[in-house]
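Participant: Before we start, here is the structure in question, set down as structure tokens.
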Amino acid sequence: MTHPSRLALFDLDHTLLPLDSDYQWADFLARTGRAGDPAEAQRRNEELMDRYNAGQLTAEQSAEFMLGLLARASMPELAAWHEQFMAEVIRPAIRENAVELVQQHIRQGDLCAIVTATNEFVTAPIARAFGVPHLIGLQAETHLGRYTGRIKGIPSFQAGKITRVDQWLESMGLNRNQFEEVYFYSDSPNDLPLLEVVSHPVATNPSPALREIAEKRGWKILDLFKEMQDAKS
């Protein structure tokens, strides 16, 4: 059996989406009274985002809060809440040019996956909305049909993204070296480990820090949401 000659990997938050789905999910739960004390939940959420942007957040520190939110409710409750979250927050934020970027790779026959540090419960419906067939996200442990609030396996964060991508490919009898071209689209310097090992790193809606690195190294820079950036400036 032949395999695709190209591999296309996509970060999700601020790369394909003009927002952070993890942050927005916690904010949605806080605003709708589903995360305990709303003010405290929003404070924790803001604190974690600030630490992430400063490069000072570990996957374990984030998961303590984010996966703890999943442990508060049953699977049916979470599913109903997520449908509302998709309708109110995510689908209105999806941009046609981001979907087209993904679909270009799919039409070319490339093997495509979203690789995100956000947990798979939050991101699986988003991956489906983009038509991406594979998702590599943080895995949340379950027990007796409920989330425990703990991480399962290796977090898909920073260098962990390389490990998780390689594990995923190995599960299909593949490895990165078999592909003629490997693309990775990301906005964040947290993703430098994976950006540095692919043949086509693409700084996508990059943070100022990643934009500077990309310019120095001659990496392609892609601004999918330039009109939104211009409106803010």
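For the structure tokens, the naming scheme is as follows: chains receive sequential letters (A, B, ...) according to their order of presentation, residues are indexed from 1 within each chain, and ligands are indexed from 1 in presentation order.
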Quick one: everything within 10 Å of A:Ile162, counting only C-alpha atoms, minus sequence neighbours fewer than 4 positions away in the same chain. Send it as JSON, numbers by chain.
Facilitator: {"A": [115, 156, 157, 158, 166, 167, 168, 176, 191, 193, 194, 195, 197, 198]}
Participant: Output N, CA and C atoms for every residue in that selection, as a PDB file, in the first residue's frame.
Facilitator:
```
ATOM      1  N   VAL A 115      -2.511  19.197  15.528  1.00  0.00           N
ATOM      2  CA  VAL A 115      -1.656  18.834  16.666  1.00  0.00           C
ATOM      3  C   VAL A 115      -1.734  19.983  17.656  1.00  0.00           C
ATOM      4  N   SER A 156       0.668  16.722  24.416  1.00  0.00           N
ATOM      5  CA  SER A 156       1.063  17.220  23.090  1.00  0.00           C
ATOM      6  C   SER A 156       1.381  18.706  23.206  1.00  0.00           C
ATOM      7  N   PHE A 157       2.472  18.986  23.929  1.00  0.00           N
ATOM      8  CA  PHE A 157       2.872  20.359  24.231  1.00  0.00           C
ATOM      9  C   PHE A 157       4.378  20.476  24.086  1.00  0.00           C
ATOM     10  N   GLN A 158       4.829  21.535  23.392  1.00  0.00           N
ATOM     11  CA  GLN A 158       6.243  21.763  23.154  1.00  0.00           C
ATOM     12  C   GLN A 158       6.873  20.500  22.530  1.00  0.00           C
ATOM     13  N   ASP A 166       5.040  11.281  16.266  1.00  0.00           N
ATOM     14  CA  ASP A 166       5.769  10.059  15.906  1.00  0.00           C
ATOM     15  C   ASP A 166       5.003   8.810  16.360  1.00  0.00           C
ATOM     16  N   GLN A 167       4.382   8.863  17.536  1.00  0.00           N
ATOM     17  CA  GLN A 167       3.585   7.731  18.010  1.00  0.00           C
ATOM     18  C   GLN A 167       2.390   7.481  17.097  1.00  0.00           C
ATOM     19  N   TRP A 168       1.751   8.571  16.695  1.00  0.00           N
ATOM     20  CA  TRP A 168       0.600   8.469  15.793  1.00  0.00           C
ATOM     21  C   TRP A 168       1.004   7.854  14.455  1.00  0.00           C
ATOM     22  N   ARG A 176       8.176   9.917  10.106  1.00  0.00           N
ATOM     23  CA  ARG A 176       8.337  11.233   9.457  1.00  0.00           C
ATOM     24  C   ARG A 176       9.321  11.188   8.301  1.00  0.00           C
ATOM     25  N   ASP A 191       5.881  26.035  19.963  1.00  0.00           N
ATOM     26  CA  ASP A 191       5.933  24.956  18.978  1.00  0.00           C
ATOM     27  C   ASP A 191       7.259  24.900  18.225  1.00  0.00           C
ATOM     28  N   PRO A 193      10.016  23.321  18.893  1.00  0.00           N
ATOM     29  CA  PRO A 193      10.601  21.984  18.716  1.00  0.00           C
ATOM     30  C   PRO A 193      10.110  21.284  17.453  1.00  0.00           C
ATOM     31  N   LEU A 194       8.802  21.323  17.194  1.00  0.00           N
ATOM     32  CA  LEU A 194       8.273  20.668  15.995  1.00  0.00           C
ATOM     33  C   LEU A 194       8.547  21.490  14.738  1.00  0.00           C
ATOM     34  N   LEU A 195       8.443  22.801  14.834  1.00  0.00           N
ATOM     35  CA  LEU A 195       8.750  23.649  13.677  1.00  0.00           C
ATOM     36  C   LEU A 195      10.173  23.407  13.164  1.00  0.00           C
ATOM     37  N   VAL A 197      11.923  20.672  13.147  1.00  0.00           N
ATOM     38  CA  VAL A 197      12.251  19.354  12.594  1.00  0.00           C
ATOM     39  C   VAL A 197      11.466  19.029  11.321  1.00  0.00           C
ATOM     40  N   VAL A 198      10.606  19.943  10.859  1.00  0.00           N
ATOM     41  CA  VAL A 198       9.867  19.699   9.623  1.00  0.00           C
ATOM     42  C   VAL A 198      10.557  20.396   8.455  1.00  0.00           C
TER      43      VAL A 198
END
```
Participant: Excluding A:Ile151 and any residue of its chain fewer than 3 positions from it, enumerate the residues within 7 Å of it, using only C-alpha atoms, and give them as a list in words.
Facilitator: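 Listing them by chain and then by number gives Ala63, Gln139, Ala140 and Glu141 of chain A.
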Participant: Just list the residues in stretch 54-196 of chain A DSSP gives strand (DSSP E or B) on the backbone, as a PyMOL selection string.
Facilitator: chain A and resi 111-119+135-143+146-152+181-186
Participant: List the neighbours of A:Trp219 out to 9 Å using only C-alpha atoms; skip same-chain residues closer than 2 positions along the sequence, and give me the result as an MDAnalysis selection string.
Facilitator: chainID A and resid 200:203 213:217 221
Participant: With distances taken over only C-alpha atoms, which of A:Arg150, A:Arg211, A:Arg164, A:His143 is nearest to A:Gly68?
Facilitator: A:Arg150
Participant: Do you know which residues are at most 8 Å from stretch 107-114 of chain A counting only C-alpha atoms, after dropping those on the same chain fewer than 6 positions away, and could you put them as number ranges by chain?
Facilitator: A: 4-12, 127, 132-137
Participant: When you draw a straight line from atom CA of A:Leu169 to atom CA of A:Glu196, how long is it in Å?
Facilitator: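 Pair atom CA of A:Leu169 / atom CA of A:Glu196 returns 18.2 Å.
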Participant: Which residues are close to A:Asn53, i.e. within 10 Å by only C-alpha atoms, leaving aside same-chain residues fewer than 3 positions away? Reply as a list in words.
Facilitator: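 Returned residues: Leu48, Met49, Asp50, Gln56, Leu57, Ser188, Pro189, Asn190 and Ser207 of chain A.
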Participant: With only C-alpha atoms as the basis for distance, which of A:Leu16, A:Ala59, A:Leu70, A:Leu224 is at the shortest distance from A:Arg34?
Facilitator: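 Between A:Leu16, A:Ala59, A:Leu70, A:Leu224, the residue approaching A:Arg34 most closely is A:Leu70.
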Participant: Under the rule that only C-alpha atoms are counted, which of A:Ala129, A:Leu192, A:Val165, A:Val182 is the nearest residue to A:Arg91?
Facilitator: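 That would be A:Ala129, the residue with the smallest distance to A:Arg91.
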Participant: From a DSSP pass on the backbone, collect the residues of stretch 1-108 of chain A flagged as helix (DSSP H, G or I) and hand them back as a PyMOL selection string.
Facilitator: chain A and resi 21-31+38-53+59-70+75-93+96-107
Participant: Counting only C-alpha atoms, which residue out of A:Trp25, A:Phe225, A:Phe130, A:Phe184 sits closest to A:Leu67?
Facilitator: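 Smallest distance to A:Leu67 is found for A:Trp25.
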Participant: Given only C-alpha atoms as the basis, pick out the residue of A:Pro92, A:Pro206, A:Pro155, A:Gly55 nearest to A:Asp13.
Facilitator: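 Using only C-alpha atoms, the shortest distance to A:Asp13 belongs to A:Pro206.
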Participant: Which residue out of A:Ala117, A:Ala71, A:Ile106, A:Ala124 has the minimum interatomic distance to A:Met86 when only C-alpha atoms are used?
Facilitator: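 Comparing A:Ala117, A:Ala71, A:Ile106, A:Ala124 against A:Met86, the winner is A:Ala124.
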Participant: Can you work out the spacing between atom CA of A:Ala73 and atom CA of A:Arg146 in Å, to one decimal?
Facilitator: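 These atoms are spaced 7.8 Å apart.
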Participant: Quick one: residues within 7 Å of A:Gln42, only C-alpha atoms counted, chain neighbours fewer than 4 positions away excluded, as a count of residues only?
Facilitator: 4
Participant: Record the distance separating atom CA of A:Glu83 and atom CA of A:Thr15, expressed in Å with one decimal.
Facilitator: 22.0 Å
